[in-house]
file model34.cif (mmCIF, C-alpha atoms and all ligand atoms)
data_work
#
loop_
_atom_site.label_atom_id
_atom_site.label_comp_id
_atom_site.auth_asym_id
_atom_site.auth_seq_id
_atom_site.Cartn_x
_atom_site.Cartn_y
_atom_site.Cartn_z
CA MET A 190 0.00 0.00 0.00
CA ILE A 191 1.33 3.46 -0.91
CA SER A 192 -0.01 6.02 1.53
CA PHE A 193 -0.80 9.38 -0.06
CA TYR A 194 -2.34 10.44 3.23
CA PRO A 195 -0.91 13.83 4.18
CA GLY A 196 0.54 12.39 7.37
CA PRO A 197 1.41 9.87 8.53
CA SER A 198 2.49 9.25 4.99
CA ARG A 199 4.85 7.19 2.87
CA VAL A 200 8.19 6.79 4.65
CA TYR A 201 11.48 6.48 2.79
CA ASP A 202 12.27 2.93 1.63
CA LYS A 203 15.58 3.09 3.43
CA ILE A 204 13.84 3.32 6.84
CA SER A 205 13.78 -0.47 7.28
CA LYS A 206 17.53 -0.61 6.62
CA TYR A 207 18.14 2.23 9.08
CA VAL A 208 16.02 0.54 11.77
CA ARG A 209 18.05 -2.67 11.39
CA ALA A 210 21.26 -0.65 11.60
CA ALA A 211 19.96 1.12 14.72
CA HIS A 212 19.24 -2.22 16.36
CA LYS A 213 22.65 -3.59 15.50
CA LYS A 214 24.46 -0.50 16.72
CA GLY A 215 22.61 -0.46 20.05
CA ILE A 216 20.85 2.86 19.30
CA MET A 217 17.59 1.48 20.71
CA SER A 218 19.13 1.00 24.13
CA MET A 219 21.38 4.04 24.00
CA ASN A 220 21.50 6.04 27.22
CA HIS A 221 20.26 9.55 26.62
CA ARG A 222 22.92 11.04 28.94
CA SER A 223 25.79 9.19 27.26
CA PRO A 224 28.48 10.88 25.18
CA GLU A 225 27.25 8.79 22.20
CA PHE A 226 23.80 10.35 22.44
CA ILE A 227 25.24 13.84 22.81
CA THR A 228 27.26 13.30 19.62
CA LEU A 229 24.21 11.96 17.74
CA SER A 230 22.04 14.86 18.90
CA LYS A 231 24.62 17.50 18.09
CA LYS A 232 25.30 16.07 14.64
CA THR A 233 21.59 15.71 13.84
CA ILE A 234 20.88 19.34 14.69
CA ALA A 235 23.89 20.49 12.63
CA LEU A 236 22.61 18.46 9.65
CA LEU A 237 19.09 19.83 10.07
CA LYS A 238 20.38 23.40 10.10
CA ASP A 239 22.52 22.72 7.04
CA ARG A 240 19.88 21.01 4.89
CA LEU A 241 17.00 23.35 5.79
CA VAL A 242 19.13 26.52 6.00
CA ILE A 243 18.21 27.36 9.59
CA PRO A 244 20.16 30.28 11.07
CA LYS A 245 23.02 29.17 13.34
CA GLU A 246 21.77 31.21 16.26
CA TYR A 247 18.36 29.49 16.33
CA THR A 248 17.85 26.73 18.94
CA VAL A 249 16.37 23.37 17.94
CA PHE A 250 14.41 21.24 20.45
CA TYR A 251 13.10 17.71 20.18
CA THR A 252 9.47 17.18 21.11
CA SER A 253 7.09 14.30 20.50
CA SER A 254 4.50 15.96 18.24
CA ALA A 255 3.32 19.23 16.74
CA THR A 256 0.46 19.14 19.25
CA GLU A 257 3.01 19.17 22.06
CA CYS A 258 4.62 22.21 20.41
CA TRP A 259 1.25 24.03 20.46
CA GLU A 260 1.07 23.43 24.18
CA ILE A 261 4.72 24.27 24.90
CA ILE A 262 4.30 27.62 23.12
CA ALA A 263 1.14 28.44 25.07
CA GLN A 264 2.64 27.54 28.44
CA SER A 265 6.19 28.87 27.99
CA ALA A 266 6.10 31.65 25.39
CA VAL A 267 2.79 33.39 26.19
CA GLU A 268 2.04 35.30 29.36
CA LYS A 269 -1.44 36.47 28.45
CA ASN A 270 -2.53 36.99 24.90
CA SER A 271 -1.84 35.34 21.60
CA ILE A 272 -3.61 35.84 18.31
CA HIS A 273 -4.30 32.95 16.00
CA ILE A 274 -4.83 33.68 12.31
CA PHE A 275 -6.26 30.67 10.47
CA ASN A 276 -8.63 29.33 7.84
CA GLY A 277 -8.69 25.63 8.69
CA ALA A 278 -8.90 22.84 11.24
CA PHE A 279 -5.26 22.71 12.38
CA GLY A 280 -5.03 26.45 13.00
CA GLU A 281 -8.28 26.20 14.92
CA LYS A 282 -7.03 23.28 17.03
CA TRP A 283 -3.92 25.26 17.95
CA PHE A 284 -6.19 28.13 19.02
CA ASP A 285 -8.41 25.75 21.04
CA TYR A 286 -5.50 24.16 22.92
CA THR A 287 -4.01 27.58 23.62
CA LYS A 288 -7.32 28.91 25.01
CA ARG A 289 -7.38 26.16 27.63
CA LEU A 290 -4.07 27.40 29.03
CA ARG A 291 -4.36 31.09 28.12
CA PRO A 292 -8.04 32.10 28.00
CA GLU A 293 -7.25 35.53 26.53
CA ALA A 294 -6.17 33.99 23.23
CA GLN A 295 -7.86 35.58 20.24
CA SER A 296 -8.58 34.42 16.72
CA LEU A 297 -8.79 36.00 13.31
CA LEU A 298 -10.37 33.91 10.56
CA PHE A 299 -9.94 34.27 6.82
CA ASP A 300 -11.34 32.63 3.72
CA LEU A 301 -9.89 29.72 1.78
CA ASN A 302 -8.96 31.57 -1.37
CA GLU A 303 -7.46 34.68 0.15
CA LEU A 304 -4.63 35.90 2.30
CA PRO A 305 -5.67 37.24 5.70
CA ILE A 306 -6.24 40.99 5.78
CA ILE A 307 -4.31 42.21 8.75
CA SER A 308 -5.47 45.61 9.89
CA SER A 309 -6.91 44.44 13.16
CA PRO A 310 -5.62 46.69 15.96
CA SER A 311 -5.53 43.70 18.32
CA LEU A 312 -2.56 42.39 16.36
CA ALA A 313 -0.32 45.18 17.59
CA GLU A 314 -0.89 44.16 21.19
CA ALA A 315 -0.48 40.44 20.72
CA GLU A 316 2.57 38.99 22.44
CA ILE A 317 2.62 36.25 19.91
CA ILE A 318 1.10 35.89 16.44
CA CYS A 319 0.32 32.29 15.49
CA LEU A 320 0.22 31.28 11.84
CA THR A 321 -0.24 27.95 10.10
CA GLN A 322 2.12 28.04 7.12
CA ASN A 323 0.57 25.01 5.50
CA GLU A 324 -3.02 24.21 6.46
CA THR A 325 -3.08 20.46 5.94
CA SER A 326 -6.87 20.24 6.32
CA ASN A 327 -7.69 22.29 3.21
CA GLY A 328 -4.49 22.50 1.13
CA THR A 329 -3.78 26.19 1.59
CA GLN A 330 -0.51 27.91 2.44
CA LEU A 331 0.75 31.28 3.57
CA PRO A 332 3.55 32.41 1.23
CA VAL A 333 6.88 33.06 2.93
CA TYR A 334 6.86 36.75 1.85
CA PHE A 335 3.54 37.16 3.64
CA ILE A 336 4.99 35.82 6.91
CA ALA A 337 7.92 38.20 6.44
CA THR A 338 5.50 41.14 6.10
CA ILE A 339 3.72 40.20 9.31
CA LYS A 340 7.04 40.11 11.12
CA LYS A 341 8.12 43.44 9.69
CA ASN A 342 4.84 45.13 10.65
CA ASN A 343 4.81 43.70 14.17
CA PRO A 344 8.31 44.14 15.55
CA ASN A 345 7.22 43.73 19.18
CA SER A 346 5.47 40.40 18.68
CA ILE A 347 6.86 36.92 18.46
CA ILE A 348 5.81 35.20 15.22
CA ALA A 349 5.12 31.47 15.67
CA VAL A 350 4.54 29.24 12.66
CA ASP A 351 3.11 25.73 12.40
CA ALA A 352 4.99 24.26 9.44
CA THR A 353 4.13 20.64 10.21
CA SER A 354 3.21 19.64 6.67
CA SER A 355 5.72 21.82 4.82
CA MET A 356 9.01 21.76 6.72
CA ALA A 357 11.55 19.67 4.74
CA GLY A 358 9.31 19.98 1.67
CA SER A 359 9.11 23.73 1.09
CA ASP A 360 11.91 26.27 1.26
CA LEU A 361 10.90 28.24 4.36
CA ASN A 362 12.87 31.33 5.19
CA PHE A 363 13.43 30.73 8.89
CA ILE A 364 14.60 34.27 9.55
CA THR A 365 11.05 35.51 8.82
CA ALA A 366 9.64 34.08 12.07
CA ASP A 367 10.72 33.39 15.65
CA ILE A 368 9.24 29.98 16.34
CA TRP A 369 8.77 27.17 13.84
CA PHE A 370 7.71 23.59 14.42
CA ALA A 371 6.86 20.38 12.59
CA SER A 372 6.48 16.70 13.29
CA VAL A 373 8.42 14.24 11.15
CA GLN A 374 5.62 12.01 9.78
CA LYS A 375 4.84 14.47 6.97
CA CYS A 376 7.53 15.93 4.67
CA PHE A 377 10.45 14.29 6.48
CA GLY A 378 9.25 10.85 5.34
CA LEU A 379 9.75 9.34 8.80
CA PRO A 380 7.55 7.39 11.23
CA ALA A 381 5.62 9.47 13.80
CA GLY A 382 6.78 10.13 17.34
CA LEU A 383 9.23 13.00 16.95
CA ALA A 384 8.83 16.70 16.25
CA LEU A 385 11.15 19.69 16.04
CA LEU A 386 10.65 23.06 17.68
CA ILE A 387 12.94 25.79 16.36
CA CYS A 388 13.35 29.12 18.17
CA SER A 389 15.08 32.40 17.35
CA PRO A 390 17.18 34.26 19.94
CA LYS A 391 14.32 36.76 20.24
CA ALA A 392 11.89 33.95 21.09
CA MET A 393 14.34 32.50 23.62
CA ASP A 394 14.81 35.92 25.25
CA ARG A 395 11.04 36.11 25.72
CA VAL A 396 10.92 32.56 27.07
CA LYS A 397 13.71 33.27 29.57
CA LYS A 398 11.95 36.45 30.72
CA ILE A 399 8.67 34.60 31.30
CA ASN A 400 10.70 31.83 33.00
CA GLU A 401 7.84 29.36 33.25
CA GLN A 402 9.09 26.17 34.98
CA SER A 403 6.01 24.18 35.97
CA HIS A 404 6.25 21.34 33.45
CA TYR A 405 8.71 18.74 32.27
CA ASN A 406 8.46 20.38 28.87
CA SER A 407 8.80 23.98 30.05
CA LEU A 408 10.91 25.64 27.43
CA THR A 409 13.28 27.20 29.97
CA LEU A 410 14.09 23.74 31.34
CA MET A 411 14.36 22.26 27.85
CA ASN A 412 16.74 25.07 26.95
CA LYS A 413 19.01 24.32 29.90
CA MET A 414 19.26 20.69 28.81
CA MET A 415 19.74 21.57 25.15
CA ALA A 416 22.85 23.61 26.06
CA ASP A 417 24.35 20.11 26.28
CA TRP A 418 22.35 18.66 23.33
CA GLN A 419 20.05 16.82 25.76
CA THR A 420 16.39 16.66 26.70
CA THR A 421 14.47 16.84 29.99
CA HIS A 422 13.22 13.26 29.56
CA THR A 423 14.21 10.16 27.60
CA PRO A 424 13.61 11.24 24.02
CA ASN A 425 12.78 9.22 20.93
CA VAL A 426 16.40 8.23 20.33
CA LEU A 427 15.49 5.92 17.46
CA GLY A 428 13.51 8.74 15.84
CA ILE A 429 16.46 11.09 16.19
CA TYR A 430 18.76 8.46 14.66
CA LEU A 431 16.37 7.93 11.72
CA LEU A 432 16.13 11.68 11.23
CA ASN A 433 19.92 11.83 11.16
CA ARG A 434 20.12 9.14 8.47
CA VAL A 435 17.39 10.71 6.33
CA LEU A 436 18.96 14.19 6.59
CA LYS A 437 22.34 12.79 5.51
CA LYS A 438 20.73 11.71 2.22
CA MET A 439 18.59 14.80 1.82
CA LYS A 440 19.37 17.37 -0.87
CA PRO A 441 19.51 21.05 0.08
CA ILE A 442 16.01 22.39 0.67
CA ALA A 443 16.06 24.67 -2.40
CA LYS A 444 16.44 21.57 -4.58
CA VAL A 445 13.69 19.70 -2.73
CA ASP A 446 11.39 22.71 -3.09
CA GLN A 447 12.02 22.76 -6.84
CA LYS A 448 11.02 19.11 -7.14
CA ILE A 449 7.88 19.61 -5.02
CA THR A 450 6.85 22.76 -6.90
CA GLY A 451 7.26 20.93 -10.21
CA ARG A 452 5.06 18.07 -8.99
CA GLN A 453 2.48 20.54 -7.65
CA LYS A 454 2.31 22.09 -11.16
CA ASP A 455 1.76 18.60 -12.60
CA TRP A 456 -1.19 18.10 -10.23
CA ILE A 457 -2.67 21.51 -11.15
CA THR A 458 -2.46 20.60 -14.85
CA PHE A 459 -3.85 17.14 -14.19
CA PHE A 460 -7.11 18.42 -12.65
CA LYS A 461 -7.39 21.54 -14.83
CA ASP A 462 -9.95 20.38 -17.38
CA SER A 463 -11.74 17.80 -15.29
CA ASP A 464 -15.55 17.89 -15.09
CA LYS A 465 -15.89 15.90 -11.90
CA LEU A 466 -12.85 16.79 -9.80
CA GLN A 467 -11.38 20.21 -9.09
CA LEU A 468 -8.74 21.57 -6.81
CA LEU A 469 -10.48 22.95 -3.72
CA ILE A 470 -8.29 26.06 -3.89
CA SER A 471 -8.41 28.23 -7.01
CA ASN A 472 -6.05 31.04 -5.98
CA PRO A 473 -2.52 29.91 -6.94
CA GLU A 474 -0.97 32.29 -4.42
CA VAL A 475 -2.40 30.41 -1.45
CA LEU A 476 -2.32 26.92 -2.95
CA SER A 477 -0.31 24.50 -0.82
CA LYS A 478 2.69 22.93 -2.50
CA THR A 479 2.72 19.84 -0.30
CA VAL A 480 -0.97 18.98 0.23
CA ILE A 481 -3.33 18.77 -2.74
CA ALA A 482 -7.00 19.03 -1.71
CA VAL A 483 -9.37 17.76 -4.41
CA LYS A 484 -13.07 18.55 -4.50
CA GLY A 485 -15.76 16.31 -5.93
CA SER A 486 -19.24 15.06 -5.06
CA PRO A 487 -19.28 13.00 -1.83
CA GLU A 488 -20.42 9.86 -3.72
CA TRP A 489 -17.71 10.23 -6.39
CA ASN A 490 -15.01 10.82 -3.77
CA GLU A 491 -16.11 7.78 -1.80
CA LYS A 492 -16.02 5.59 -4.90
CA ILE A 493 -12.55 6.84 -5.85
CA LYS A 494 -11.16 6.24 -2.36
CA VAL A 495 -12.52 2.69 -2.19
CA LYS A 496 -11.29 1.76 -5.68
CA ALA A 497 -7.91 3.38 -5.03
CA LYS A 498 -7.45 1.38 -1.85
CA ALA A 499 -8.19 -1.83 -3.72
CA LYS A 500 -5.34 -0.87 -6.07
CA GLY A 501 -2.92 -0.28 -3.19
CA LEU A 502 -3.22 3.51 -3.27
CA LEU A 503 -4.33 5.14 -0.02
CA LEU A 504 -5.86 8.58 -0.53
CA GLY A 505 -6.28 11.02 2.34
CA GLU A 506 -9.82 11.59 3.59
CA GLY A 507 -11.12 15.13 3.66
CA TYR A 508 -10.51 16.73 7.04
CA GLY A 509 -13.08 18.06 9.51
CA SER A 510 -15.91 19.93 7.81
CA LEU A 511 -14.43 19.04 4.40
CA LYS A 512 -14.46 15.31 5.13
CA ARG A 513 -16.89 14.25 2.41
CA GLU A 514 -16.56 16.93 -0.24
CA THR A 515 -12.78 16.58 -0.59
CA PHE A 516 -9.98 14.06 -0.57
CA ARG A 517 -6.32 14.88 -0.13
CA ILE A 518 -3.12 13.82 -1.84
CA ALA A 519 0.21 14.30 -0.09
CA ASN A 520 2.89 15.85 -2.28
CA PHE A 521 5.75 14.99 0.05
CA PRO A 522 9.34 14.41 -1.09
CA ALA A 523 9.43 10.67 -0.26
CA PHE A 524 7.18 9.69 -3.19
CA ARG A 525 8.80 8.23 -6.25
CA LYS A 526 7.97 9.58 -9.67
CA LYS A 527 6.52 6.25 -10.75
CA GLU A 528 4.18 6.18 -7.74
CA ILE A 529 2.76 9.57 -8.66
CA ARG A 530 2.38 8.37 -12.25
CA LYS A 531 0.56 5.29 -10.98
CA LEU A 532 -1.86 7.43 -8.98
CA MET A 533 -2.44 9.74 -11.94
CA SER A 534 -3.23 6.89 -14.31
CA PHE A 535 -5.58 5.43 -11.72
CA LEU A 536 -7.40 8.78 -11.34
CA LEU A 537 -7.58 9.53 -15.09
CA PRO A 538 -10.92 7.74 -15.76
CA TYR A 539 -12.54 9.60 -12.85
CA LEU A 540 -11.78 13.13 -14.07
C1 LIG B 601 -0.38 16.93 11.30
C2 LIG B 601 -0.45 18.32 11.76
C3 LIG B 601 -0.45 18.66 13.13
C4 LIG B 601 -0.48 17.62 14.20
O1 LIG B 601 0.71 16.92 14.24
P1 LIG B 601 0.97 15.85 15.44
O2 LIG B 601 2.38 15.46 15.22
O3 LIG B 601 -0.02 14.77 15.23
O4 LIG B 601 0.73 16.56 16.71
C5 LIG B 601 -0.45 19.99 13.47
N1 LIG B 601 -0.48 20.96 12.54
C6 LIG B 601 -0.50 20.68 11.23
C7 LIG B 601 -0.52 21.80 10.24
C8 LIG B 601 -0.48 19.36 10.80
O5 LIG B 601 -0.48 19.07 9.49
#
call {"tool": "encode", "arguments": {"input": "model34.cif", "output": "structure tokens"}}
result
Amino acid sequence: MISFYPGPSRVYDKISKYVRAAHKKGIMSMNHRSPEFITLSKKTIALLKDRLVIPKEYTVFYTSSATECWEIIAQSAVEKNSIHIFNGAFGEKWFDYTKRLRPEAQSLLFDLNELPIISSPSLAEAEIICLTQNETSNGTQLPVYFIATIKKNNPNSIIAVDATSSMAGSDLNFITADIWFASVQKCFGLPAGLALLICSPKAMDRVKKINEQSHYNSLTLMNKMMADWQTTHTPNVLGIYLLNRVLKKMKPIAKVDQKITGRQKDWITFFKDSDKLQLLISNPEVLSKTVIAVKGSPEWNEKIKVKAKAKGLLLGEGYGSLKRETFRIANFPAFRKKEIRKLMSFLLPYL
């Protein structure tokens, strides 16, 4: 079965080889305070910064999921108010989790085919502005230049970006925001259970000032441990090892982005003249590169998903309120050209 689900998704073929190597080398029983772990952790973060072009002065943390990152940000980087700008289910979930910890959190909604219009005066007072770079639920994205504009216009705020389904697939300009995070079961082509939280010096200054220390995953405590490339708890050492191996093979992000953008164009062309299936998003400026949301009648979508599964092709269900009227196709780097061709020839009679 080839999973085109936009996460968890197809993992790299080499993963099984890497898992065997990890077992043989004793990675699975490696002590997380040992010099061997410290070396692995340090090297993995250096590779990540190299491949994704993350500024040297940014700090990388290991977490278990993007959801954990939502909560860490709310507890450790917000004193009172955050503003969440979103148009889909993941942005909304982030807002909901934040509200439970910080009831003054605010939201600003925008439509699927547009960029948010930011003139709201509340934005100027927000400690932290929360954006979802790639909204996995509906296949929209915020262009990097747009995030840069928000940062420029709000110099006193921290800009936090959920890049769960685009990091390692799209060329993100990390300097344009203060906090970025992603879990590895999307564009990294890895099994779930590990996520990365990436913070600018400005974000870390804010975190140190707030100095929240009530949780095992308080960012101040995590930061103290990370000074020595360690974590506050036993981390997913196998996940970190697999990340290391995948990053070693990974091309620079600009190259990966080129490949993904080319494949996105192929998908746009593929659905262009179809009667029965259309891209959910018509505005190319906000169209996700890594998640293709396709719209059709609920009956047609259902039929396609069932037939696809029988052919060994797993399509992503629509998400949340879009469950029945859409299905989703991951455009993550781990897919092989021939697998995409196979999916296209399967879909051809349904257009
Ligand atoms: C998948 C996803 C999440 C949730 O990731 P977990 O690792 O399951 O917590 C959050 N945000 C976005 C945009 C996602 O695509």
call {"tool": "atom_distance", "arguments": {"input": "model34.cif", "atom1": "CA of Lys238 (chain A)", "atom2": "CA of Gly215 (chain A)"}}
result
25.9 Å
call {"tool": "residues_around", "arguments": {"input": "model34.cif", "residues": "Thr252 (chain A)", "least_positions_apart": "2", "cutoff": "8 Å", "atoms": "all atoms listed in the file", "output": "list of chain:residue names"}}
result
A:Phe250, A:Ser254, A:Ala255, A:Glu257, A:Cys258, A:Leu383, A:Ala384, A:Leu385, A:Leu386, A:Pro424
call {"tool": "atom_distance", "arguments": {"input": "model34.cif", "atom1": "CA of Pro344 (chain A)", "atom2": "CA of Asn412 (chain A)"}}
result
23.8 Å
call {"tool": "residues_near_point", "arguments": {"input": "model34.cif", "point": "(-5.6, 29.9, 7.2)", "cutoff": "7 Å", "atoms": "only C-alpha atoms", "output": "count of residues only"}}
result
10
call {"tool": "residues_around", "arguments": {"input": "model34.cif", "residues": "Val350 (chain A)", "least_positions_apart": "5", "cutoff": "8 Å", "atoms": "all atoms listed in the file", "output": "list in words"}}
result
Cys319, Leu320, Thr321, Gln322, Ala366, Ile368, Trp369 and Phe370 of chain A
call {"tool": "closest_residue", "arguments": {"input": "model34.cif", "among": "A:Thr420, A:Ser296, A:Ser198, A:Thr450", "to": "ligand LIG 601 (chain B)", "atoms": "all atoms listed in the file"}}
result
A:Ser198
call {"tool": "closest_residue", "arguments": {"input": "model34.cif", "among": "A:Pro292, A:Gly382, A:Pro305, A:Gly358", "to": "ligand LIG 601 (chain B)", "atoms": "only C-alpha atoms and all ligand atoms"}}
result
A:Gly382
call {"tool": "atom_distance", "arguments": {"input": "model34.cif", "atom1": "CA of Ser372 (chain A)", "atom2": "atom O2 of ligand LIG 601 (chain B)"}}
result
4.7 Å
call {"tool": "closest_residue", "arguments": {"input": "model34.cif", "among": "A:Val445, A:Leu304, A:Val435, A:Leu468", "to": "Lys206 (chain A)", "atoms": "all atoms listed in the file"}}
result
A:Val435
call {"tool": "decode", "arguments": {"input": "model34.cif", "residues": "region 403-412 of chain A", "atoms": "all heavy atoms", "output": "PDB file, in the first residue's frame"}}
result
ATOM      1  N   SER A 403       6.924  25.097  35.258  1.00  0.00           N
ATOM      2  CA  SER A 403       6.014  24.177  35.965  1.00  0.00           C
ATOM      3  C   SER A 403       5.863  22.809  35.327  1.00  0.00           C
ATOM      4  O   SER A 403       5.121  21.977  35.828  1.00  0.00           O
ATOM      5  CB  SER A 403       4.618  24.797  36.062  1.00  0.00           C
ATOM      6  OG  SER A 403       4.719  26.109  36.512  1.00  0.00           O
ATOM      7  N   HIS A 404       6.496  22.591  34.186  1.00  0.00           N
ATOM      8  CA  HIS A 404       6.246  21.345  33.451  1.00  0.00           C
ATOM      9  C   HIS A 404       7.557  20.693  33.014  1.00  0.00           C
ATOM     10  O   HIS A 404       8.566  21.378  32.863  1.00  0.00           O
ATOM     11  CB  HIS A 404       5.397  21.634  32.209  1.00  0.00           C
ATOM     12  CG  HIS A 404       4.126  22.360  32.516  1.00  0.00           C
ATOM     13  ND1 HIS A 404       2.962  21.705  32.831  1.00  0.00           N
ATOM     14  CD2 HIS A 404       3.864  23.671  32.610  1.00  0.00           C
ATOM     15  CE1 HIS A 404       2.017  22.596  33.080  1.00  0.00           C
ATOM     16  NE2 HIS A 404       2.532  23.801  32.959  1.00  0.00           N
ATOM     17  N   TYR A 405       7.494  19.397  32.758  1.00  0.00           N
ATOM     18  CA  TYR A 405       8.711  18.735  32.273  1.00  0.00           C
ATOM     19  C   TYR A 405       9.134  19.311  30.931  1.00  0.00           C
ATOM     20  O   TYR A 405      10.309  19.315  30.589  1.00  0.00           O
ATOM     21  CB  TYR A 405       8.502  17.209  32.167  1.00  0.00           C
ATOM     22  CG  TYR A 405       7.819  16.777  30.887  1.00  0.00           C
ATOM     23  CD1 TYR A 405       8.558  16.346  29.787  1.00  0.00           C
ATOM     24  CD2 TYR A 405       6.435  16.826  30.763  1.00  0.00           C
ATOM     25  CE1 TYR A 405       7.945  15.972  28.611  1.00  0.00           C
ATOM     26  CE2 TYR A 405       5.814  16.460  29.579  1.00  0.00           C
ATOM     27  CZ  TYR A 405       6.568  16.035  28.514  1.00  0.00           C
ATOM     28  OH  TYR A 405       5.957  15.678  27.348  1.00  0.00           O
ATOM     29  N   ASN A 406       8.131  19.807  30.177  1.00  0.00           N
ATOM     30  CA  ASN A 406       8.457  20.382  28.867  1.00  0.00           C
ATOM     31  C   ASN A 406       8.371  21.908  28.874  1.00  0.00           C
ATOM     32  O   ASN A 406       8.065  22.510  27.848  1.00  0.00           O
ATOM     33  CB  ASN A 406       7.581  19.761  27.782  1.00  0.00           C
ATOM     34  CG  ASN A 406       6.099  19.933  28.037  1.00  0.00           C
ATOM     35  OD1 ASN A 406       5.707  20.600  29.003  1.00  0.00           O
ATOM     36  ND2 ASN A 406       5.273  19.354  27.190  1.00  0.00           N
ATOM     37  N   SER A 407       8.662  22.515  30.020  1.00  0.00           N
ATOM     38  CA  SER A 407       8.798  23.981  30.050  1.00  0.00           C
ATOM     39  C   SER A 407      10.016  24.349  29.224  1.00  0.00           C
ATOM     40  O   SER A 407      11.090  23.747  29.379  1.00  0.00           O
ATOM     41  CB  SER A 407       8.999  24.461  31.488  1.00  0.00           C
ATOM     42  OG  SER A 407       7.834  24.224  32.242  1.00  0.00           O
ATOM     43  N   LEU A 408       9.838  25.339  28.388  1.00  0.00           N
ATOM     44  CA  LEU A 408      10.910  25.644  27.431  1.00  0.00           C
ATOM     45  C   LEU A 408      12.193  26.130  28.110  1.00  0.00           C
ATOM     46  O   LEU A 408      13.294  25.873  27.614  1.00  0.00           O
ATOM     47  CB  LEU A 408      10.390  26.660  26.406  1.00  0.00           C
ATOM     48  CG  LEU A 408      10.950  26.636  24.989  1.00  0.00           C
ATOM     49  CD1 LEU A 408      11.196  25.250  24.449  1.00  0.00           C
ATOM     50  CD2 LEU A 408      10.039  27.403  24.060  1.00  0.00           C
ATOM     51  N   THR A 409      12.070  26.784  29.245  1.00  0.00           N
ATOM     52  CA  THR A 409      13.277  27.203  29.971  1.00  0.00           C
ATOM     53  C   THR A 409      14.084  25.981  30.415  1.00  0.00           C
ATOM     54  O   THR A 409      15.311  25.979  30.318  1.00  0.00           O
ATOM     55  CB  THR A 409      12.939  28.011  31.253  1.00  0.00           C
ATOM     56  OG1 THR A 409      11.552  27.916  31.496  1.00  0.00           O
ATOM     57  CG2 THR A 409      13.374  29.425  31.150  1.00  0.00           C
ATOM     58  N   LEU A 410      13.390  24.957  30.895  1.00  0.00           N
ATOM     59  CA  LEU A 410      14.086  23.742  31.338  1.00  0.00           C
ATOM     60  C   LEU A 410      14.666  22.987  30.139  1.00  0.00           C
ATOM     61  O   LEU A 410      15.795  22.489  30.183  1.00  0.00           O
ATOM     62  CB  LEU A 410      13.135  22.840  32.128  1.00  0.00           C
ATOM     63  CG  LEU A 410      12.453  23.502  33.341  1.00  0.00           C
ATOM     64  CD1 LEU A 410      11.496  22.534  34.020  1.00  0.00           C
ATOM     65  CD2 LEU A 410      13.499  24.000  34.333  1.00  0.00           C
ATOM     66  N   MET A 411      13.871  22.926  29.067  1.00  0.00           N
ATOM     67  CA  MET A 411      14.361  22.256  27.851  1.00  0.00           C
ATOM     68  C   MET A 411      15.611  22.964  27.327  1.00  0.00           C
ATOM     69  O   MET A 411      16.555  22.330  26.859  1.00  0.00           O
ATOM     70  CB  MET A 411      13.270  22.256  26.768  1.00  0.00           C
ATOM     71  CG  MET A 411      12.126  21.296  27.069  1.00  0.00           C
ATOM     72  SD  MET A 411      10.724  21.481  25.935  1.00  0.00           S
ATOM     73  CE  MET A 411      11.422  20.954  24.377  1.00  0.00           C
ATOM     74  N   ASN A 412      15.605  24.282  27.437  1.00  0.00           N
ATOM     75  CA  ASN A 412      16.739  25.066  26.945  1.00  0.00           C
ATOM     76  C   ASN A 412      18.012  24.774  27.749  1.00  0.00           C
ATOM     77  O   ASN A 412      19.098  24.660  27.188  1.00  0.00           O
ATOM     78  CB  ASN A 412      16.387  26.553  27.004  1.00  0.00           C
ATOM     79  CG  ASN A 412      17.401  27.402  26.263  1.00  0.00           C
ATOM     80  OD1 ASN A 412      17.840  27.044  25.173  1.00  0.00           O
ATOM     81  ND2 ASN A 412      17.793  28.512  26.875  1.00  0.00           N
TER      82      ASN A 412
END
